[in-house]
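Student: One structure follows; several queries about it will come next.
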Amino acid sequence: MVKKIFINIILLTMLVAILSGCGGAEQTTDKKPEIPKTNQNDIELSIPPVLQNSEGEVLEGDEEALKALKKFINETDTTEQGEVGLSVVDFIEIAGGSPTKYAFMAALVNRSDQEGSDIEMKFTITNKATNVKIYDGDKITLSEEQFGFLKPNHAIPFKITIPDTENITPEMTVQDYDFEWEITNSKMKE
């Protein structure tokens, strides 16, 4: 009888050890690890010198567009962790209106662990309604002198001018355009 109770206690102890995970097989999955929202929302805008006045303040008229850009990046942007992506949020009116009146307010979003400068990109931007390419493989360079470094978990805002032939109206949005782009050259480092 005592022997039977002793065996039951040993079996119960072994069962508890197995159920608590001691010596259990490790489970693996092919799923991509889920990135917590808090990590994705830590993007800061690095306002480049080209968007500042001589006192280091944001250029007049750009404040609202930059606020909207930061909100878009932190709430809607689809750039995945480990990548560099592009966000285009709004049209802005260019002070003085010369040579064009409007520009796209965009940002290069860095969710990678690298930083870089002198980033050259190739753009093709097409008006969806007219199927006219307003940029067709054109290059834009975010030079270190004008835009600084693209740091991890930061975004560098910049403007892409819109030709006057586009006749921007209040009803139009950036969703009326297709954006194709790629980084063709940069000084990226870890």
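Going by the structure tokens order, chains are called A, B, ..., each with residues numbered from 1, while ligands are numbered from 1 in the order shown.
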Within 7 Å of Ile43 of chain A, counting only C-alpha atoms, which residues qualify if same-chain residues fewer than 5 places away don't, as a VMD selection string?
Tutor: chain A and resid 74 153 to 155
Student: Just want the 9 Å neighbourhood of Asp164 of chain A, counted on only C-alpha atoms, with same-chain residues fewer than 4 positions away dropped. Output as a PyMOL selection string.
Tutor: chain A and resi 99-102+168
Student: Please produce a file of the residues just selected, as a PDB file, in the first residue's frame, where the atoms kept are all heavy atoms.
Tutor:
ATOM      1  N   PRO A  99       9.409  77.863 -59.348  1.00  0.00           N
ATOM      2  CA  PRO A  99       8.848  77.752 -60.684  1.00  0.00           C
ATOM      3  C   PRO A  99       7.491  77.038 -60.713  1.00  0.00           C
ATOM      4  O   PRO A  99       6.797  77.076 -61.709  1.00  0.00           O
ATOM      5  CB  PRO A  99       9.893  76.939 -61.456  1.00  0.00           C
ATOM      6  CG  PRO A  99      10.535  76.085 -60.412  1.00  0.00           C
ATOM      7  CD  PRO A  99      10.501  76.912 -59.146  1.00  0.00           C
ATOM      8  N   THR A 100       7.110  76.322 -59.633  1.00  0.00           N
ATOM      9  CA  THR A 100       5.787  75.697 -59.587  1.00  0.00           C
ATOM     10  C   THR A 100       5.084  76.121 -58.306  1.00  0.00           C
ATOM     11  O   THR A 100       5.706  76.632 -57.376  1.00  0.00           O
ATOM     12  CB  THR A 100       5.884  74.154 -59.622  1.00  0.00           C
ATOM     13  OG1 THR A 100       6.507  73.709 -58.429  1.00  0.00           O
ATOM     14  CG2 THR A 100       6.664  73.659 -60.820  1.00  0.00           C
ATOM     15  N   LYS A 101       3.777  75.893 -58.257  1.00  0.00           N
ATOM     16  CA  LYS A 101       2.996  76.318 -57.095  1.00  0.00           C
ATOM     17  C   LYS A 101       2.842  75.235 -56.039  1.00  0.00           C
ATOM     18  O   LYS A 101       2.585  75.531 -54.885  1.00  0.00           O
ATOM     19  CB  LYS A 101       1.607  76.764 -57.548  1.00  0.00           C
ATOM     20  CG  LYS A 101       1.604  78.103 -58.263  1.00  0.00           C
ATOM     21  CD  LYS A 101       0.250  78.484 -58.802  1.00  0.00           C
ATOM     22  CE  LYS A 101      -0.858  78.320 -57.810  1.00  0.00           C
ATOM     23  NZ  LYS A 101      -2.154  78.768 -58.268  1.00  0.00           N
ATOM     24  N   TYR A 102       2.948  73.951 -56.429  1.00  0.00           N
ATOM     25  CA  TYR A 102       2.672  72.863 -55.500  1.00  0.00           C
ATOM     26  C   TYR A 102       3.796  71.836 -55.475  1.00  0.00           C
ATOM     27  O   TYR A 102       4.562  71.706 -56.421  1.00  0.00           O
ATOM     28  CB  TYR A 102       1.368  72.144 -55.885  1.00  0.00           C
ATOM     29  CG  TYR A 102       0.149  73.013 -55.745  1.00  0.00           C
ATOM     30  CD1 TYR A 102      -0.370  73.675 -56.849  1.00  0.00           C
ATOM     31  CD2 TYR A 102      -0.476  73.175 -54.514  1.00  0.00           C
ATOM     32  CE1 TYR A 102      -1.483  74.485 -56.729  1.00  0.00           C
ATOM     33  CE2 TYR A 102      -1.600  73.971 -54.384  1.00  0.00           C
ATOM     34  CZ  TYR A 102      -2.098  74.626 -55.492  1.00  0.00           C
ATOM     35  OH  TYR A 102      -3.196  75.425 -55.368  1.00  0.00           O
ATOM     36  N   ILE A 168      -3.392  71.311 -60.225  1.00  0.00           N
ATOM     37  CA  ILE A 168      -3.879  70.784 -58.952  1.00  0.00           C
ATOM     38  C   ILE A 168      -5.143  71.537 -58.539  1.00  0.00           C
ATOM     39  O   ILE A 168      -5.197  72.764 -58.584  1.00  0.00           O
ATOM     40  CB  ILE A 168      -2.795  70.933 -57.858  1.00  0.00           C
ATOM     41  CG1 ILE A 168      -1.522  70.178 -58.249  1.00  0.00           C
ATOM     42  CG2 ILE A 168      -3.314  70.477 -56.499  1.00  0.00           C
ATOM     43  CD1 ILE A 168      -1.679  68.693 -58.434  1.00  0.00           C
TER      44      ILE A 168
END
Student: Compare A:Ile162, A:Leu59, A:Leu150, A:Ala65 by their minimum atom-to-atom distance to Lys133 of chain A, counting only C-alpha atoms, and give me the closest one.
Tutor: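 Of all the options, A:Ile162 lies closest to Lys133 of chain A.
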Student: With only C-alpha atoms as the basis for distance, which of A:Ile156, A:Phe104, A:Met172, A:Val88 is at the shortest distance from Lys128 of chain A?
Tutor: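 That would be A:Met172, the residue with the smallest distance to Lys128 of chain A.
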Student: May I have the residues within 12 Å of Thr173 of chain A as a PDB file with C-alpha atoms, in the first residue's frame, using only C-alpha atoms and disregarding those fewer than 2 positions away in the same chain?
Tutor:
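Dumped everything to around.pdb:
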ATOM      1  CA  VAL A  88       3.823  60.767 -49.371  1.00  0.00           C
ATOM      2  CA  VAL A  89       1.126  62.493 -47.381  1.00  0.00           C
ATOM      3  CA  ASP A  90      -0.110  65.717 -48.929  1.00  0.00           C
ATOM      4  CA  PHE A  91       0.176  68.532 -51.426  1.00  0.00           C
ATOM      5  CA  ILE A  92       1.666  71.736 -50.124  1.00  0.00           C
ATOM      6  CA  TYR A 102       2.672  72.863 -55.500  1.00  0.00           C
ATOM      7  CA  ALA A 103       4.778  69.998 -54.206  1.00  0.00           C
ATOM      8  CA  PHE A 104       4.211  66.604 -52.641  1.00  0.00           C
ATOM      9  CA  MET A 105       5.293  66.512 -48.985  1.00  0.00           C
ATOM     10  CA  ASN A 127      -1.396  60.706 -62.602  1.00  0.00           C
ATOM     11  CA  LYS A 128      -3.959  57.870 -62.354  1.00  0.00           C
ATOM     12  CA  ALA A 129      -6.742  59.835 -64.093  1.00  0.00           C
ATOM     13  CA  ILE A 168      -3.879  70.784 -58.952  1.00  0.00           C
ATOM     14  CA  THR A 169      -7.431  71.348 -57.679  1.00  0.00           C
ATOM     15  CA  PRO A 170      -8.768  71.263 -54.096  1.00  0.00           C
ATOM     16  CA  GLU A 171     -10.486  67.922 -54.805  1.00  0.00           C
ATOM     17  CA  GLN A 175      -4.050  59.056 -53.849  1.00  0.00           C
ATOM     18  CA  ASP A 176      -4.670  60.340 -57.394  1.00  0.00           C
ATOM     19  CA  TYR A 177      -1.051  59.391 -58.196  1.00  0.00           C
ATOM     20  CA  ASP A 178       0.972  56.191 -58.417  1.00  0.00           C
TER      21      ASP A 178
END
Student: Write out as a PyMOL selection string all residues of segment 63-159 of chain A that DSSP puts in strand (DSSP E or B) for this structure's backbone.
Tutor: chain A and resi 84-93+102-110+115-127+133-142+150+154-159
Student: Measure the distance from atom CA of Gly137 of chain A to atom CA of Thr184 of chain A in Å and round it to one decimal.
Tutor: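 Interatomic distance, atom CA of Gly137 of chain A to atom CA of Thr184 of chain A: 10.9 Å.
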Student: So which residues touch Leu142 of chain A within 6 Å, counting only C-alpha atoms, skipping near sequence neighbours fewer than 3 positions away, as an MDAnalysis selection string?
Tutor: chainID A and resid 118:119 147
Student: Those residues with C-alpha atoms, as a PDB file, in the first residue's frame please?
Tutor:
ATOM      1  CA  ASP A 118      23.588  61.260 -49.824  1.00  0.00           C
ATOM      2  CA  ILE A 119      20.600  59.119 -50.725  1.00  0.00           C
ATOM      3  CA  PHE A 147      19.197  66.852 -45.573  1.00  0.00           C
TER       4      PHE A 147
END
Student: With distances taken over only C-alpha atoms, which of A:Ala106, A:Thr124, A:Glu55, A:Ile140 is nearest to Ala68 of chain A?
Tutor: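 Among A:Ala106, A:Thr124, A:Glu55, A:Ile140, it is A:Ala106 that comes nearest to Ala68 of chain A.
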Student: For Arg111 of chain A, which residue among A:Asp138, A:Glu44, A:Glu80, A:Glu63 is the nearest when counting only C-alpha atoms?
Tutor: A:Glu80
